[in-house]
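S.K.: The file below is structure-v6.pdb, PDB, C-alpha atoms and all ligand atoms:
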```pdb
ATOM      1  CA  MET X   1       0.000   0.000   0.000
ATOM      2  CA  HIS X   2       1.503   3.306  -1.071
ATOM      3  CA  ASP X   3       1.192   6.759   0.431
ATOM      4  CA  ARG X   4       0.639   9.510  -2.179
ATOM      5  CA  ASN X   5       4.087  10.908  -1.364
ATOM      6  CA  ASP X   6       5.866   7.605  -2.019
ATOM      7  CA  TRP X   7       7.940   7.019  -5.096
ATOM      8  CA  MET X   8       7.324   3.726  -6.876
ATOM      9  CA  ASP X   9       8.581   1.752  -9.843
ATOM     10  CA  ALA X  10       6.571   1.794 -13.046
ATOM     11  CA  ASP X  11       6.958   0.559 -16.605
ATOM     12  CA  LEU X  12       6.422   2.487 -19.802
ATOM     13  CA  VAL X  13       4.193   0.008 -21.618
ATOM     14  CA  ALA X  14       3.294   1.919 -24.783
ATOM     15  CA  THR X  15       3.621   5.238 -26.571
ATOM     16  CA  ARG X  16       1.394   6.743 -29.227
ATOM     17  CA  ASP X  17       2.235   9.792 -31.329
ATOM     18  CA  HIS X  18      -0.360  12.532 -31.743
ATOM     19  CA  GLY X  19       1.273  14.554 -34.494
ATOM     20  CA  PRO X  20       4.982  15.350 -34.804
ATOM     21  CA  ASP X  21       5.522  16.868 -31.327
ATOM     22  CA  ILE X  22       3.010  15.262 -28.940
ATOM     23  CA  ARG X  23       3.333  11.752 -27.567
ATOM     24  CA  LEU X  24       0.969   9.837 -25.281
ATOM     25  CA  PHE X  25       2.708   7.629 -22.694
ATOM     26  CA  GLU X  26       0.972   4.659 -21.048
ATOM     27  CA  ILE X  27       2.590   3.925 -17.692
ATOM     28  CA  ALA X  28       1.904   0.857 -15.552
ATOM     29  CA  PRO X  29       2.860   1.209 -11.862
ATOM     30  CA  ALA X  30       4.388  -1.988 -10.486
ATOM     31  CA  ASP X  31       1.837  -2.138  -7.648
ATOM     32  CA  GLY X  32      -1.236  -1.121  -9.657
ATOM     33  CA  VAL X  33      -2.944   2.231 -10.209
ATOM     34  CA  MET X  34      -4.520   4.314  -7.451
ATOM     35  CA  ALA X  35      -7.894   6.026  -7.887
ATOM     36  CA  TYR X  36      -7.665   9.676  -8.939
ATOM     37  CA  GLU X  37      -9.922  12.629  -9.700
ATOM     38  CA  PRO X  38      -9.783  14.659 -12.941
ATOM     39  CA  GLY X  39      -7.124  17.382 -12.755
ATOM     40  CA  SER X  40      -4.657  15.085 -10.960
ATOM     41  CA  HIS X  41      -1.009  14.754 -11.898
ATOM     42  CA  ILE X  42       1.863  12.399 -11.213
ATOM     43  CA  ASN X  43       5.465  13.371 -10.576
ATOM     44  CA  LEU X  44       8.055  11.600 -12.652
ATOM     45  CA  ALA X  45      11.787  11.289 -11.953
ATOM     46  CA  VAL X  46      13.748  12.453 -15.007
ATOM     47  CA  ASP X  47      17.383  12.887 -15.929
ATOM     48  CA  ILE X  48      18.424  16.331 -17.162
ATOM     49  CA  ASP X  49      22.008  16.496 -18.417
ATOM     50  CA  GLY X  50      22.979  13.700 -16.032
ATOM     51  CA  GLN X  51      21.248  15.370 -13.060
ATOM     52  CA  PRO X  52      18.213  13.782 -11.370
ATOM     53  CA  ASP X  53      15.154  16.015 -11.488
ATOM     54  CA  VAL X  54      11.368  15.866 -11.179
ATOM     55  CA  ARG X  55       8.625  16.879 -13.610
ATOM     56  CA  SER X  56       4.844  16.890 -13.091
ATOM     57  CA  TYR X  57       2.420  15.723 -15.758
ATOM     58  CA  SER X  58      -1.387  15.811 -15.713
ATOM     59  CA  LEU X  59      -3.149  12.488 -16.061
ATOM     60  CA  VAL X  60      -5.164  12.194 -19.253
ATOM     61  CA  GLY X  61      -8.840  11.288 -19.142
ATOM     62  CA  LEU X  62     -10.678   9.034 -16.743
ATOM     63  CA  PRO X  63      -8.856   6.339 -14.710
ATOM     64  CA  ARG X  64      -8.081   3.100 -16.531
ATOM     65  CA  ARG X  65      -7.645  -0.289 -14.949
ATOM     66  CA  ASN X  66      -3.873  -0.793 -15.169
ATOM     67  CA  ILE X  67      -2.281   2.350 -16.543
ATOM     68  CA  TYR X  68      -1.798   6.061 -16.051
ATOM     69  CA  ARG X  69      -1.712   8.117 -19.248
ATOM     70  CA  ILE X  70       0.227  11.349 -19.741
ATOM     71  CA  ALA X  71       0.644  13.379 -22.949
ATOM     72  CA  VAL X  72       3.865  15.334 -23.391
ATOM     73  CA  LYS X  73       4.744  17.910 -26.015
ATOM     74  CA  HIS X  74       8.389  17.963 -27.090
ATOM     75  CA  VAL X  75       9.065  21.659 -26.555
ATOM     76  CA  GLN X  76      11.989  23.455 -28.229
ATOM     77  CA  PRO X  77      13.991  24.592 -26.363
ATOM     78  CA  SER X  78      12.983  22.195 -23.623
ATOM     79  CA  ARG X  79      13.764  22.460 -19.897
ATOM     80  CA  GLY X  80      14.884  18.889 -20.501
ATOM     81  CA  GLY X  81      11.987  16.794 -19.225
ATOM     82  CA  SER X  82      10.107  16.533 -22.497
ATOM     83  CA  ALA X  83      13.249  15.710 -24.502
ATOM     84  CA  TRP X  84      14.201  12.989 -22.003
ATOM     85  CA  LEU X  85      10.717  11.458 -22.124
ATOM     86  CA  HIS X  86      10.495  11.518 -25.916
ATOM     87  CA  ASN X  87      13.714   9.479 -26.067
ATOM     88  CA  LEU X  88      12.236   6.636 -23.986
ATOM     89  CA  LEU X  89      11.108   3.386 -25.580
ATOM     90  CA  PRO X  90       8.370   1.039 -24.346
ATOM     91  CA  GLY X  91       9.799  -1.224 -21.652
ATOM     92  CA  ALA X  92      11.693   1.604 -19.927
ATOM     93  CA  ARG X  93      11.641   1.529 -16.124
ATOM     94  CA  LEU X  94      10.352   4.751 -14.503
ATOM     95  CA  ARG X  95      10.004   6.196 -11.013
ATOM     96  CA  ILE X  96       6.706   7.961 -10.339
ATOM     97  CA  THR X  97       4.544   9.161  -7.457
ATOM     98  CA  ALA X  98       0.909   8.337  -6.891
ATOM     99  CA  PRO X  99      -1.596  10.859  -8.323
ATOM    100  CA  ARG X 100      -2.075  14.161  -6.487
ATOM    101  CA  ASN X 101      -4.607  16.855  -7.286
ATOM    102  CA  HIS X 102      -3.935  20.608  -7.067
ATOM    103  CA  PHE X 103      -6.531  21.394  -9.757
ATOM    104  CA  PRO X 104      -9.752  19.773  -8.539
ATOM    105  CA  LEU X 105     -13.097  19.977 -10.300
ATOM    106  CA  GLN X 106     -15.750  21.518  -8.032
ATOM    107  CA  HIS X 107     -19.177  20.036  -8.555
ATOM    108  CA  GLY X 108     -22.445  21.921  -8.169
ATOM    109  CA  ALA X 109     -22.021  24.879 -10.560
ATOM    110  CA  GLY X 110     -24.946  25.611 -12.883
ATOM    111  CA  SER X 111     -22.726  25.746 -15.992
ATOM    112  CA  TYR X 112     -19.150  24.887 -16.876
ATOM    113  CA  LEU X 113     -16.879  26.323 -19.529
ATOM    114  CA  LEU X 114     -13.580  24.484 -20.019
ATOM    115  CA  ILE X 115     -10.929  26.265 -22.093
ATOM    116  CA  ALA X 116      -7.750  24.493 -23.192
ATOM    117  CA  GLY X 117      -4.750  25.879 -25.056
ATOM    118  CA  GLY X 118      -2.447  23.373 -26.796
ATOM    119  CA  ILE X 119      -1.201  20.595 -24.520
ATOM    120  CA  GLY X 120      -3.312  22.194 -21.743
ATOM    121  CA  ILE X 121      -6.059  19.797 -22.799
ATOM    122  CA  THR X 122      -4.558  17.074 -20.577
ATOM    123  CA  PRO X 123      -6.179  17.916 -17.191
ATOM    124  CA  LEU X 124      -9.398  19.216 -18.780
ATOM    125  CA  LEU X 125     -10.304  16.135 -20.817
ATOM    126  CA  GLY X 126     -11.102  14.040 -17.729
ATOM    127  CA  MET X 127     -13.078  16.935 -16.212
ATOM    128  CA  ALA X 128     -15.155  17.267 -19.385
ATOM    129  CA  GLN X 129     -15.770  13.514 -19.497
ATOM    130  CA  VAL X 130     -16.951  13.445 -15.865
ATOM    131  CA  LEU X 131     -19.208  16.472 -16.358
ATOM    132  CA  LYS X 132     -20.737  14.944 -19.486
ATOM    133  CA  GLN X 133     -21.366  11.663 -17.661
ATOM    134  CA  ARG X 134     -23.179  13.630 -14.941
ATOM    135  CA  GLY X 135     -25.307  15.507 -17.456
ATOM    136  CA  ALA X 136     -23.872  18.912 -16.464
ATOM    137  CA  ASP X 137     -24.241  21.970 -18.697
ATOM    138  CA  MET X 138     -20.695  21.943 -20.089
ATOM    139  CA  ARG X 139     -18.702  23.099 -23.113
ATOM    140  CA  LEU X 140     -15.044  22.468 -23.910
ATOM    141  CA  LEU X 141     -13.270  25.004 -26.129
ATOM    142  CA  TYR X 142      -9.937  23.704 -27.406
ATOM    143  CA  ALA X 143      -7.613  26.202 -29.101
ATOM    144  CA  ALA X 144      -4.213  25.856 -30.742
ATOM    145  CA  ARG X 145      -2.084  27.979 -33.016
ATOM    146  CA  ARG X 146      -1.431  25.120 -35.439
ATOM    147  CA  ARG X 147      -3.326  21.906 -36.162
ATOM    148  CA  ARG X 148      -0.214  19.913 -35.116
ATOM    149  CA  ASP X 149      -0.482  21.453 -31.614
ATOM    150  CA  LEU X 150      -3.826  19.719 -30.936
ATOM    151  CA  ALA X 151      -3.685  16.475 -28.938
ATOM    152  CA  LEU X 152      -6.168  13.663 -28.293
ATOM    153  CA  VAL X 153      -8.564  14.910 -30.978
ATOM    154  CA  SER X 154     -10.169  11.543 -31.773
ATOM    155  CA  GLU X 155     -10.703  10.781 -28.065
ATOM    156  CA  ILE X 156     -12.255  14.214 -27.515
ATOM    157  CA  GLU X 157     -14.594  13.783 -30.476
ATOM    158  CA  ALA X 158     -15.544  10.230 -29.472
ATOM    159  CA  THR X 159     -16.267  11.004 -25.810
ATOM    160  CA  LEU X 160     -17.547  14.596 -25.883
ATOM    161  CA  GLY X 161     -19.233  14.921 -29.288
ATOM    162  CA  GLU X 162     -20.890  18.303 -29.776
ATOM    163  CA  HIS X 163     -19.818  19.450 -26.294
ATOM    164  CA  ALA X 164     -16.324  20.129 -27.722
ATOM    165  CA  SER X 165     -15.303  22.822 -30.221
ATOM    166  CA  PHE X 166     -11.890  23.238 -31.848
ATOM    167  CA  PHE X 167     -10.223  26.537 -32.774
ATOM    168  CA  ILE X 168      -7.093  26.550 -34.960
ATOM    169  CA  SER X 169      -5.501  29.918 -35.649
ATOM    170  CA  GLU X 170      -3.603  28.837 -38.795
ATOM    171  CA  ASP X 171      -6.952  27.835 -40.338
ATOM    172  CA  GLY X 172      -8.333  31.327 -39.706
ATOM    173  CA  ASN X 173     -10.485  30.018 -36.845
ATOM    174  CA  ARG X 174      -8.898  31.749 -33.839
ATOM    175  CA  LEU X 175     -10.674  31.491 -30.469
ATOM    176  CA  ASP X 176     -12.300  34.852 -29.660
ATOM    177  CA  LEU X 177     -12.484  34.628 -25.870
ATOM    178  CA  GLN X 178     -14.800  37.585 -25.420
ATOM    179  CA  ALA X 179     -17.275  36.164 -27.955
ATOM    180  CA  ALA X 180     -17.009  32.708 -26.354
ATOM    181  CA  LEU X 181     -17.760  34.099 -22.895
ATOM    182  CA  ALA X 182     -20.635  36.336 -23.971
ATOM    183  CA  GLY X 183     -23.805  35.165 -22.258
ATOM    184  CA  PHE X 184     -21.984  32.799 -19.873
ATOM    185  CA  PRO X 185     -23.801  32.993 -16.511
ATOM    186  CA  VAL X 186     -22.065  34.808 -13.630
ATOM    187  CA  ASP X 187     -22.631  31.787 -11.376
ATOM    188  CA  GLY X 188     -20.954  29.396 -13.835
ATOM    189  CA  ASP X 189     -17.448  27.986 -13.343
ATOM    190  CA  ILE X 190     -14.615  28.410 -15.846
ATOM    191  CA  TYR X 191     -11.645  26.031 -15.947
ATOM    192  CA  PHE X 192      -8.568  26.919 -17.967
ATOM    193  CA  CYS X 193      -5.300  25.190 -18.788
ATOM    194  CA  GLY X 194      -2.918  26.673 -21.328
ATOM    195  CA  PRO X 195      -0.125  29.210 -21.794
ATOM    196  CA  ALA X 196       0.189  32.111 -19.347
ATOM    197  CA  ARG X 197      -0.464  34.719 -22.044
ATOM    198  CA  MET X 198      -3.745  33.030 -22.989
ATOM    199  CA  LEU X 199      -4.734  33.091 -19.308
ATOM    200  CA  GLN X 200      -4.070  36.834 -19.262
ATOM    201  CA  SER X 201      -6.358  37.284 -22.296
ATOM    202  CA  LEU X 202      -9.042  35.193 -20.604
ATOM    203  CA  ARG X 203      -8.871  37.298 -17.445
ATOM    204  CA  GLU X 204      -9.180  40.484 -19.494
ATOM    205  CA  ALA X 205     -12.183  39.100 -21.391
ATOM    206  CA  MET X 206     -13.863  38.100 -18.108
ATOM    207  CA  THR X 207     -13.285  41.568 -16.666
ATOM    208  CA  ALA X 208     -14.686  43.213 -19.803
ATOM    209  CA  LEU X 209     -17.856  41.111 -19.513
ATOM    210  CA  GLY X 210     -18.276  41.551 -15.751
ATOM    211  CA  LEU X 211     -17.612  37.879 -14.949
ATOM    212  CA  PRO X 212     -16.072  37.410 -11.472
ATOM    213  CA  GLN X 213     -12.444  36.225 -11.386
ATOM    214  CA  SER X 214     -13.466  33.991  -8.460
ATOM    215  CA  SER X 215     -15.258  31.707 -10.937
ATOM    216  CA  LEU X 216     -11.963  30.988 -12.739
ATOM    217  CA  ARG X 217      -9.773  27.997 -11.848
ATOM    218  CA  PHE X 218      -6.629  27.462 -13.832
ATOM    219  CA  GLU X 219      -3.320  25.794 -14.468
ATOM    220  CA  THR X 220      -0.706  27.116 -16.845
ATOM    221  CA  PHE X 221       2.469  25.835 -18.383
ATOM    222  CA  GLY X 222       5.483  28.059 -18.360
ATOM    223  CA  SER X 223       6.561  28.189 -21.970
ATOM    224  CA  GLY X 224       5.044  31.586 -22.653
ATOM    225  CA  GLY X 225       8.081  33.837 -22.691
ATOM    226  CA  LEU X 226       8.122  37.079 -24.648
ATOM    227  CA  LYS X 227      11.829  36.704 -25.514
ATOM    228  CA  PRO X 228      13.861  33.775 -26.854
ATOM    229  CA  GLU X 229      15.753  31.938 -24.115
ATOM    230  CA  GLU X 230      19.428  32.816 -23.719
ATOM    231  CA  SER X 231      22.099  32.334 -21.049
ATOM    232  CA  PHE X 232      22.141  34.764 -18.132
ATOM    233  CA  TRP X 233      24.065  35.061 -14.885
ATOM    234  CA  VAL X 234      22.676  35.104 -11.340
ATOM    235  CA  ARG X 235      24.696  36.420  -8.412
ATOM    236  CA  ILE X 236      23.874  36.075  -4.686
ATOM    237  CA  PRO X 237      26.332  38.273  -2.751
ATOM    238  CA  ARG X 238      25.033  37.094   0.640
ATOM    239  CA  LEU X 239      26.130  33.533  -0.234
ATOM    240  CA  GLY X 240      29.114  34.434  -2.431
ATOM    241  CA  VAL X 241      27.567  32.458  -5.326
ATOM    242  CA  GLU X 242      27.340  33.119  -9.068
ATOM    243  CA  VAL X 243      25.731  30.692 -11.531
ATOM    244  CA  MET X 244      25.078  30.728 -15.266
ATOM    245  CA  VAL X 245      21.603  29.690 -16.417
ATOM    246  CA  PRO X 246      21.737  28.227 -19.936
ATOM    247  CA  PRO X 247      18.801  28.099 -22.384
ATOM    248  CA  GLY X 248      16.546  25.139 -21.658
ATOM    249  CA  ARG X 249      17.300  25.175 -17.912
ATOM    250  CA  SER X 250      15.359  27.103 -15.287
ATOM    251  CA  MET X 251      16.963  29.530 -12.858
ATOM    252  CA  LEU X 252      15.492  27.400 -10.061
ATOM    253  CA  ASP X 253      17.237  24.259 -11.351
ATOM    254  CA  ALA X 254      20.531  26.099 -11.884
ATOM    255  CA  LEU X 255      20.452  27.489  -8.323
ATOM    256  CA  ASP X 256      19.554  24.084  -6.944
ATOM    257  CA  ALA X 257      22.471  22.468  -8.800
ATOM    258  CA  ALA X 258      24.773  25.094  -7.243
ATOM    259  CA  GLY X 259      23.553  24.157  -3.763
ATOM    260  CA  VAL X 260      21.336  27.233  -3.301
ATOM    261  CA  GLU X 261      18.070  26.143  -1.742
ATOM    262  CA  VAL X 262      14.984  27.958  -3.049
ATOM    263  CA  MET X 263      11.583  26.686  -1.974
ATOM    264  CA  SER X 264       9.250  25.637  -4.786
ATOM    265  CA  GLU X 265       5.970  23.863  -5.304
ATOM    266  CA  CYS X 266       4.146  24.218  -8.634
ATOM    267  CA  ARG X 267       7.215  24.943 -10.823
ATOM    268  CA  ARG X 268       4.795  26.581 -13.283
ATOM    269  CA  GLY X 269       4.883  30.209 -12.093
ATOM    270  CA  GLU X 270       1.587  29.962 -10.189
ATOM    271  CA  CYS X 271       2.186  29.558  -6.439
ATOM    272  CA  GLY X 272       4.903  32.208  -5.946
ATOM    273  CA  LEU X 273       6.874  30.054  -3.527
ATOM    274  CA  CYS X 274      10.083  30.318  -5.560
ATOM    275  CA  THR X 275       9.930  34.135  -5.785
ATOM    276  CA  VAL X 276      13.199  35.893  -4.920
ATOM    277  CA  ASP X 277      14.139  39.561  -4.521
ATOM    278  CA  VAL X 278      15.952  41.222  -7.410
ATOM    279  CA  VAL X 279      18.606  43.502  -5.915
ATOM    280  CA  ALA X 280      20.103  44.644  -9.236
ATOM    281  CA  LEU X 281      19.376  43.934 -12.894
ATOM    282  CA  GLU X 282      21.493  44.079 -16.032
ATOM    283  CA  GLY X 283      19.326  43.767 -19.145
ATOM    284  CA  GLU X 284      15.647  42.824 -18.846
ATOM    285  CA  ILE X 285      13.476  40.268 -17.063
ATOM    286  CA  ASP X 286      11.169  38.095 -19.177
ATOM    287  CA  HIS X 287       8.449  37.479 -16.559
ATOM    288  CA  ARG X 288       6.697  34.193 -17.419
ATOM    289  CA  ASP X 289       4.691  33.642 -14.224
ATOM    290  CA  VAL X 290       1.044  34.320 -13.395
ATOM    291  CA  PHE X 291       1.776  35.005  -9.707
ATOM    292  CA  LEU X 292       3.250  38.524  -9.704
ATOM    293  CA  SER X 293       0.961  41.446 -10.561
ATOM    294  CA  ASP X 294       1.520  43.575 -13.664
ATOM    295  CA  HIS X 295       2.735  46.347 -11.342
ATOM    296  CA  GLN X 296       5.264  44.033  -9.659
ATOM    297  CA  LYS X 297       6.487  42.846 -13.056
ATOM    298  CA  ARG X 298       7.021  46.423 -14.226
ATOM    299  CA  GLU X 299       8.951  47.171 -11.010
ATOM    300  CA  ASN X 300      11.274  44.180 -11.655
ATOM    301  CA  SER X 301      11.908  43.864  -7.924
ATOM    302  CA  ARG X 302      10.999  40.149  -7.767
ATOM    303  CA  ILE X 303      11.266  37.161 -10.076
ATOM    304  CA  CYS X 304       9.710  33.682 -10.062
ATOM    305  CA  ALA X 305      12.797  31.490 -10.372
ATOM    306  CA  CYS X 306      10.968  28.455 -11.762
ATOM    307  CA  VAL X 307       9.876  30.005 -15.072
ATOM    308  CA  SER X 308      11.108  33.597 -15.518
ATOM    309  CA  ARG X 309      14.458  34.559 -17.015
ATOM    310  CA  ALA X 310      16.798  37.459 -17.641
ATOM    311  CA  VAL X 311      17.846  38.459 -21.139
ATOM    312  CA  GLN X 312      20.922  40.401 -22.232
ATOM    313  CA  GLY X 313      22.632  40.239 -18.850
ATOM    314  CA  GLY X 314      21.802  38.883 -15.440
ATOM    315  CA  LEU X 315      20.509  39.430 -11.934
ATOM    316  CA  VAL X 316      21.779  40.070  -8.453
ATOM    317  CA  ILE X 317      19.241  38.406  -6.161
ATOM    318  CA  ASP X 318      18.487  37.688  -2.536
ATOM    319  CA  THR X 319      16.798  34.369  -1.798
ATOM    320  CA  SER X 320      15.341  35.282   1.605
ATOM    321  CA  TRP X 321      11.898  36.591   0.380
ATOM    322  CA  ARG X 322       8.914  34.223   0.502
ATOM    323  CA  ALA X 323       5.411  34.442  -1.008
ATOM    324  CA  GLY X 324       2.949  35.628   1.621
ATOM    325  CA  GLN X 325       5.496  37.721   3.531
TER
HETATM  326  S1  LIG S   1       7.389  27.116  -7.757
HETATM  327 FE1  LIG S   1       5.403  27.976  -7.877
HETATM  328  S2  LIG S   1       5.792  29.907  -8.839
HETATM  329 FE2  LIG S   1       7.703  28.923  -8.892
END
```
Can you turn what I pasted into structure tokens?
Ligand code: FES

M.R.:
Amino acid sequence: MHDRNDWMDADLVATRDHGPDIRLFEIAPADGVMAYEPGSHINLAVDIDGQPDVRSYSLVGLPRRNIYRIAVKHVQPSRGGSAWLHNLLPGARLRITAPRNHFPLQHGAGSYLLIAGGIGITPLLGMAQVLKQRGADMRLLYAARRRRDLALVSEIEATLGEHASFFISEDGNRLDLQAALAGFPVDGDIYFCGPARMLQSLREAMTALGLPQSSLRFETFGSGGLKPEESFWVRIPRLGVEVMVPPGRSMLDALDAAGVEVMSECRRGECGLCTVDVVALEGEIDHRDVFLSDHQKRENSRICACVSRAVQGGLVIDTSWRAGQ
């Protein structure tokens, strides 16, 4: 019997490609699957440049008898986890945790609108399937820039039918969030998973239509930078430490590898736990989180180390600040 914090052995039993960049992984835990709610994720031990690390992946769809399913997009440049996973072959031995849920579906709302961007479909598919089974008033809007960025299309069509709509920008069918939200009841619940910039657009559309932000529940993934990734330096005078952060590696991981402990939880720029003070800045900060306010981002006095980066220079930081202080 496993606790949800335990690590356990698992086998990669099958993979299935969904277009050129997205692969579905079927993972069988050695001791059998544990029950989970939609929105749950598992942690997976990965190897990044010879260093052990951990990545979280949402579980796809409703629970199956013997396997967990995750879908992973091979992002370029990658923080390393997606590249490592895409190199695995069926039969590979993995280390995973039991499912945990930081993105639960709340039942009882009069209406539900689920909005997915790209690979953000993964936690929302199971939610949509549960809501449809329960006969809830529900719509899933699934948007992507290119057709190749859509995942799980046949499963969505087969299980959700007319409850799901697809929006593909390259086909001239871009999702107009304000039009999609028009007429949505103020007591309805909205669930979102996608890039941080799409979340910002959704929040603006909700504000414009008078929909309360309290009805929005979301997860993001931290690939939404405004600038291309490049190397930058980070200096901590209090500890006498300086590290270089290369493209494809987060500032949090680089600090951790240098023995600098920074607390973290979501590693997606949402919880703020990894936020550190910026004492001095050379160049600019590409803020990629959804935790700091627009005002705080303009001030450049703090940075979320898990997703945000410096460009054209580096940062002098202090690691003593904590979210909630
Ligand atoms: S760990 Fe949550 S914002 Fe960085």

S.K.: Any idea what the distance is between CA of Ile27 (chain X) and CA of Arg148 (chain X)?

M.R.: 23.8 Å

S.K.: Would you work out the distance separating CA of Arg147 (chain X) from CA of Gly161 (chain X), expressed in Å to one decimal?

M.R.: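 So the two atoms, CA of Arg147 (chain X) and CA of Gly161 (chain X), lie 18.7 Å apart.
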
S.K.: Compile the contact shell of region 66-77 of chain X as a PyMOL selection string: residues with an atom at most 6 Å away, counting all atoms listed in the file, same-chain residues fewer than 6 positions apart removed.

M.R.: chain X and resi 21-28+33+59-60+83+248

S.K.: Give the padded box for region 311-315 of chain X as JSON: axis-aligned, covering all atoms listed in the file, 3 Å on each side, centre and edge lengths in Å to one decimal.

M.R.:
```
{"center_x": 20.2, "center_y": 39.4, "center_z": -17.1, "size_x": 10.8, "size_y": 7.9, "size_z": 16.3}
```

S.K.: Which residue is closest to Gly61 (chain X)? Choose from X:Ala45, X:Arg100, X:Leu181, X:Ile156 and count all atoms listed in the file.

M.R.: X:Ile156

S.K.: What residues have any atom no more than 12 Å from ligand LIG 1 (chain S) when counting all atoms listed in the file, and can you list them as an MDAnalysis selection string?

M.R.: chainID X and resid 55:56 102 219:222 250:253 262:276 287:292 302:309 322:323

S.K.: Suppose you want the space between CA of Asp9 (chain X) and CA of Arg95 (chain X); what is it in Å?

M.R.: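 Rounded to one decimal, the two atoms are 4.8 Å apart.
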
S.K.: Which polymer residues have any atom within 6 Å of an atom of region 191-197 of chain X, counting only C-alpha atoms, with same-chain residues fewer than 4 positions away left out, as a CSV table (one decimal) with C-alpha atoms, in the frame of the given file?

M.R.:
```
chain,number,residue,atom,x,y,z
X,114,LEU,CA,-13.6,24.5,-20.0
X,115,ILE,CA,-10.9,26.3,-22.1
X,116,ALA,CA,-7.8,24.5,-23.2
X,117,GLY,CA,-4.8,25.9,-25.1
X,120,GLY,CA,-3.3,22.2,-21.7
X,216,LEU,CA,-12.0,31.0,-12.7
X,217,ARG,CA,-9.8,28.0,-11.8
X,218,PHE,CA,-6.6,27.5,-13.8
X,219,GLU,CA,-3.3,25.8,-14.5
X,220,THR,CA,-0.7,27.1,-16.8
X,221,PHE,CA,2.5,25.8,-18.4
X,224,GLY,CA,5.0,31.6,-22.7
```
